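Reviewing the structure listed below.
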Amino acid sequence: MEIPVVKEILSANDQIAAENRAAFGASGVFVLNLMASPGAGKTSLILATADHLPKTVRPGVIEGDLASSIDADTIAARGLPVVQINTGGNCHLDAPMVRSALPSLPLDEIDLLFIENVGNLVCTANFNLGADRAVVVASVPEGHDKPYKYPGMFAAADVVLLNKADLIEVFEFDVDYFRRGLEMLNPDASLFVLSCRTGEGVGPWIKWLLSQRG
Ligand SMILES: Nc1nc2c(ncn2[C@@H]2O[C@H](COP(=O)(O)OP(=O)(O)OP(=O)(O)O)[C@@H](O)[C@H]2O)c(=O)[nH]1
Ligand SMILES: [Mg+2]
């Protein structure tokens with residue numbers, strides 16, 4: 001009796017995720033679900049990516065946080081359309097939350113929508129939002145063992161961005177060890193090593209992203 005309750009919750013979320021996906025598709029919006037630990041660089045990645053996009057690709061943003069509009073204010077200051085979702089304590093976004101944000105976004109004026117999920121390396125991977133790609137941002141200060149210790153998140157990724165590459169030497173970060181951990185879990189995931197601070201490595205990520213939009 002207890003298992004059907006869990007199934008119902010998940011299938012209700014999946015149903016609404018499918019509706020979100022249909023709404024995005026109808027407006028021609030390609031959607032990224034950005035997942036990472038707190039402070040890995042999700043907001044920085046949105047800004048660095050937006051700076052490097054061709055003018056024909058218009059970005060928009062949904063910001064998910066437990067509380068505050070700090071990230072949405074940062075994005076709005078850069079002139080991008082943005083809506084903030086406060087989860088009120090939930091450690092992840094879900095499909096109904098994303099759906100509730102859609103009327104506040106000019107979807108017909110957006111080609112690439114970033115959904116910045118709540119900073120959390122566990123829960124966020126379990127909820128389908130209706131996005132086209134799952135993007136996991138890892139960062140050098142978190143340590144090179146993260147794929148081994150948080151396998152669910154790395155297994156769910158379509159692409160992993162290893163951010164803060166400018167700190168690799170300071171943290172004695174072993175990129176090959178990190179890469180092997182990811183390959184073991186998820187051989188199909190692409191990996192890009194980059195720095196939102198210096199711009200190093202951002203070009204290949206943008207190239208991959210544009211190729212995915214088809
Ligand atoms: N050295 C360095 N610092 C970075 C880089 N990218 C981001 N940071 C810094 O890391 C901190 C966190 O960056 P954010 O972009 O706010 O991270 P976030 O994942 O959006 O954080 P939350 O939304 O709070 O979970 C900020 O102080 C950034 O300036 C980078 O490539 N190198
Ligand atoms: Mg952020």
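We name chains A, B, ... following the order of the structure tokens; residues begin at 1 in each chain, and ligands are numbered from 1 as shown.
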Requested in this report: Residues within 8 Å of ligand 1, counting only C-alpha atoms and all ligand atoms: report them as a count of residues only.
Outcome: 29
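Per DSSP on the backbone, strand (DSSP E) in range 127-167 of chain A comprises Arg133, Ala134, Val135, Val136, Val137, Ala138, Ser139, Val159, Val160, Leu161, Leu162 and Asn163 of chain A.
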**Report entry** Secondary structure check, alpha helix (DSSP H) residues of range 58-147 of chain A, as a PyMOL selection string
**Finding:** chain A and resi 70-77+95-101+146-147
Residue contacts of Ala101 in chain A (10 Å, only C-alpha atoms) excluding same-chain residues fewer than 6 positions away, as a PDB file with C-alpha atoms, in the first residue's frame:
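Output file out-v6.pdb follows:
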```pdb
ATOM      1  CA  ILE A  62      13.790  30.654 -14.064  1.00  0.00           C
ATOM      2  CA  GLU A  63      15.551  30.951 -10.716  1.00  0.00           C
ATOM      3  CA  VAL A  82      13.672  36.165 -15.333  1.00  0.00           C
ATOM      4  CA  VAL A  83      11.200  34.827 -12.792  1.00  0.00           C
ATOM      5  CA  GLN A  84      12.075  33.723  -9.270  1.00  0.00           C
ATOM      6  CA  ILE A  85      10.510  30.682  -7.611  1.00  0.00           C
TER       7      ILE A  85
END
```
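Of the residues listed (A:Ala95, A:Leu209, A:Gln15, A:Gly60), A:Gly60 shows the shortest atom-to-atom separation from Ala76 in chain A; distances use only C-alpha atoms.
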**Report entry** Given only C-alpha atoms as the counted atoms, nearest of A:Asn90, A:Ala22, A:Ser100, A:Pro141 to Asn117 in chain A
**Finding:** A:Asn90
Requested in this report: Give me the residues within 9 Å of Tyr150 in chain A as JSON, numbers by chain, counting only C-alpha atoms and dropping any in the same chain fewer than 4 places off.
Outcome: {"A": [121, 122, 145, 146, 154, 155]}
Keeping only all heavy atoms, take the residues you just selected and write them out as a PDB file, in the first residue's frame.
```pdb
ATOM      1  N   LEU A 121      22.878  18.623  -4.336  1.00  0.00           N
ATOM      2  CA  LEU A 121      23.462  17.599  -5.210  1.00  0.00           C
ATOM      3  C   LEU A 121      22.743  16.247  -5.088  1.00  0.00           C
ATOM      4  O   LEU A 121      23.228  15.250  -5.603  1.00  0.00           O
ATOM      5  CB  LEU A 121      24.950  17.448  -4.861  1.00  0.00           C
ATOM      6  CG  LEU A 121      25.931  17.127  -5.992  1.00  0.00           C
ATOM      7  CD1 LEU A 121      25.753  18.044  -7.183  1.00  0.00           C
ATOM      8  CD2 LEU A 121      27.362  17.195  -5.487  1.00  0.00           C
ATOM      9  N   VAL A 122      21.596  16.233  -4.425  1.00  0.00           N
ATOM     10  CA  VAL A 122      20.878  14.970  -4.241  1.00  0.00           C
ATOM     11  C   VAL A 122      19.460  15.051  -4.822  1.00  0.00           C
ATOM     12  O   VAL A 122      19.139  14.399  -5.820  1.00  0.00           O
ATOM     13  CB  VAL A 122      20.822  14.571  -2.748  1.00  0.00           C
ATOM     14  CG1 VAL A 122      20.105  13.241  -2.583  1.00  0.00           C
ATOM     15  CG2 VAL A 122      22.226  14.501  -2.162  1.00  0.00           C
ATOM     16  N   ASP A 145      36.275  13.980  -5.888  1.00  0.00           N
ATOM     17  CA  ASP A 145      35.611  12.704  -5.597  1.00  0.00           C
ATOM     18  C   ASP A 145      34.084  12.757  -5.753  1.00  0.00           C
ATOM     19  O   ASP A 145      33.402  11.761  -5.511  1.00  0.00           O
ATOM     20  CB  ASP A 145      35.958  12.241  -4.169  1.00  0.00           C
ATOM     21  CG  ASP A 145      35.631  13.299  -3.116  1.00  0.00           C
ATOM     22  OD1 ASP A 145      35.041  14.343  -3.471  1.00  0.00           O
ATOM     23  OD2 ASP A 145      35.989  13.078  -1.941  1.00  0.00           O
ATOM     24  N   LYS A 146      33.545  13.875  -6.155  1.00  0.00           N
ATOM     25  CA  LYS A 146      32.083  14.040  -6.115  1.00  0.00           C
ATOM     26  C   LYS A 146      31.303  13.040  -6.976  1.00  0.00           C
ATOM     27  O   LYS A 146      30.262  12.546  -6.531  1.00  0.00           O
ATOM     28  CB  LYS A 146      31.681  15.491  -6.458  1.00  0.00           C
ATOM     29  CG  LYS A 146      32.034  16.465  -5.350  1.00  0.00           C
ATOM     30  CD  LYS A 146      31.392  16.078  -4.030  1.00  0.00           C
ATOM     31  CE  LYS A 146      32.076  16.672  -2.818  1.00  0.00           C
ATOM     32  NZ  LYS A 146      33.433  16.159  -2.545  1.00  0.00           N
ATOM     33  N   PHE A 154      25.266  12.576 -10.950  1.00  0.00           N
ATOM     34  CA  PHE A 154      26.119  12.487 -12.141  1.00  0.00           C
ATOM     35  C   PHE A 154      25.553  11.489 -13.150  1.00  0.00           C
ATOM     36  O   PHE A 154      25.738  11.650 -14.354  1.00  0.00           O
ATOM     37  CB  PHE A 154      27.562  12.174 -11.729  1.00  0.00           C
ATOM     38  CG  PHE A 154      28.213  13.353 -11.047  1.00  0.00           C
ATOM     39  CD1 PHE A 154      28.151  13.507  -9.669  1.00  0.00           C
ATOM     40  CD2 PHE A 154      28.838  14.339 -11.792  1.00  0.00           C
ATOM     41  CE1 PHE A 154      28.707  14.612  -9.046  1.00  0.00           C
ATOM     42  CE2 PHE A 154      29.401  15.454 -11.184  1.00  0.00           C
ATOM     43  CZ  PHE A 154      29.336  15.590  -9.795  1.00  0.00           C
ATOM     44  N   ALA A 155      24.842  10.489 -12.664  1.00  0.00           N
ATOM     45  CA  ALA A 155      24.209   9.534 -13.581  1.00  0.00           C
ATOM     46  C   ALA A 155      23.072  10.189 -14.364  1.00  0.00           C
ATOM     47  O   ALA A 155      22.753   9.767 -15.475  1.00  0.00           O
ATOM     48  CB  ALA A 155      23.680   8.337 -12.801  1.00  0.00           C
TER      49      ALA A 155
END
```
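Of the listed residues (A:Ala72, A:Gly130, A:Ala157, A:Asp174), A:Asp174 comes nearest to Glu142 in chain A; the distances count only C-alpha atoms.
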Query raised in the report: Pick the closest to ligand 2 from A:Asp111, A:Glu183, A:Asp73, A:Asp51: which is it, counting only C-alpha atoms and all ligand atoms?
Result: A:Asp73
Report task. Find the residues near Thr87 in chain A: any atom within 9 Å, counting only C-alpha atoms, skip ones fewer than 4 places away on the same chain, and give them as number ranges by chain. Result -> A: 64-67, 91-93, 97, 118
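One finds CA of His52 in chain A at 25.0 Å from CA of Leu102 in chain A.
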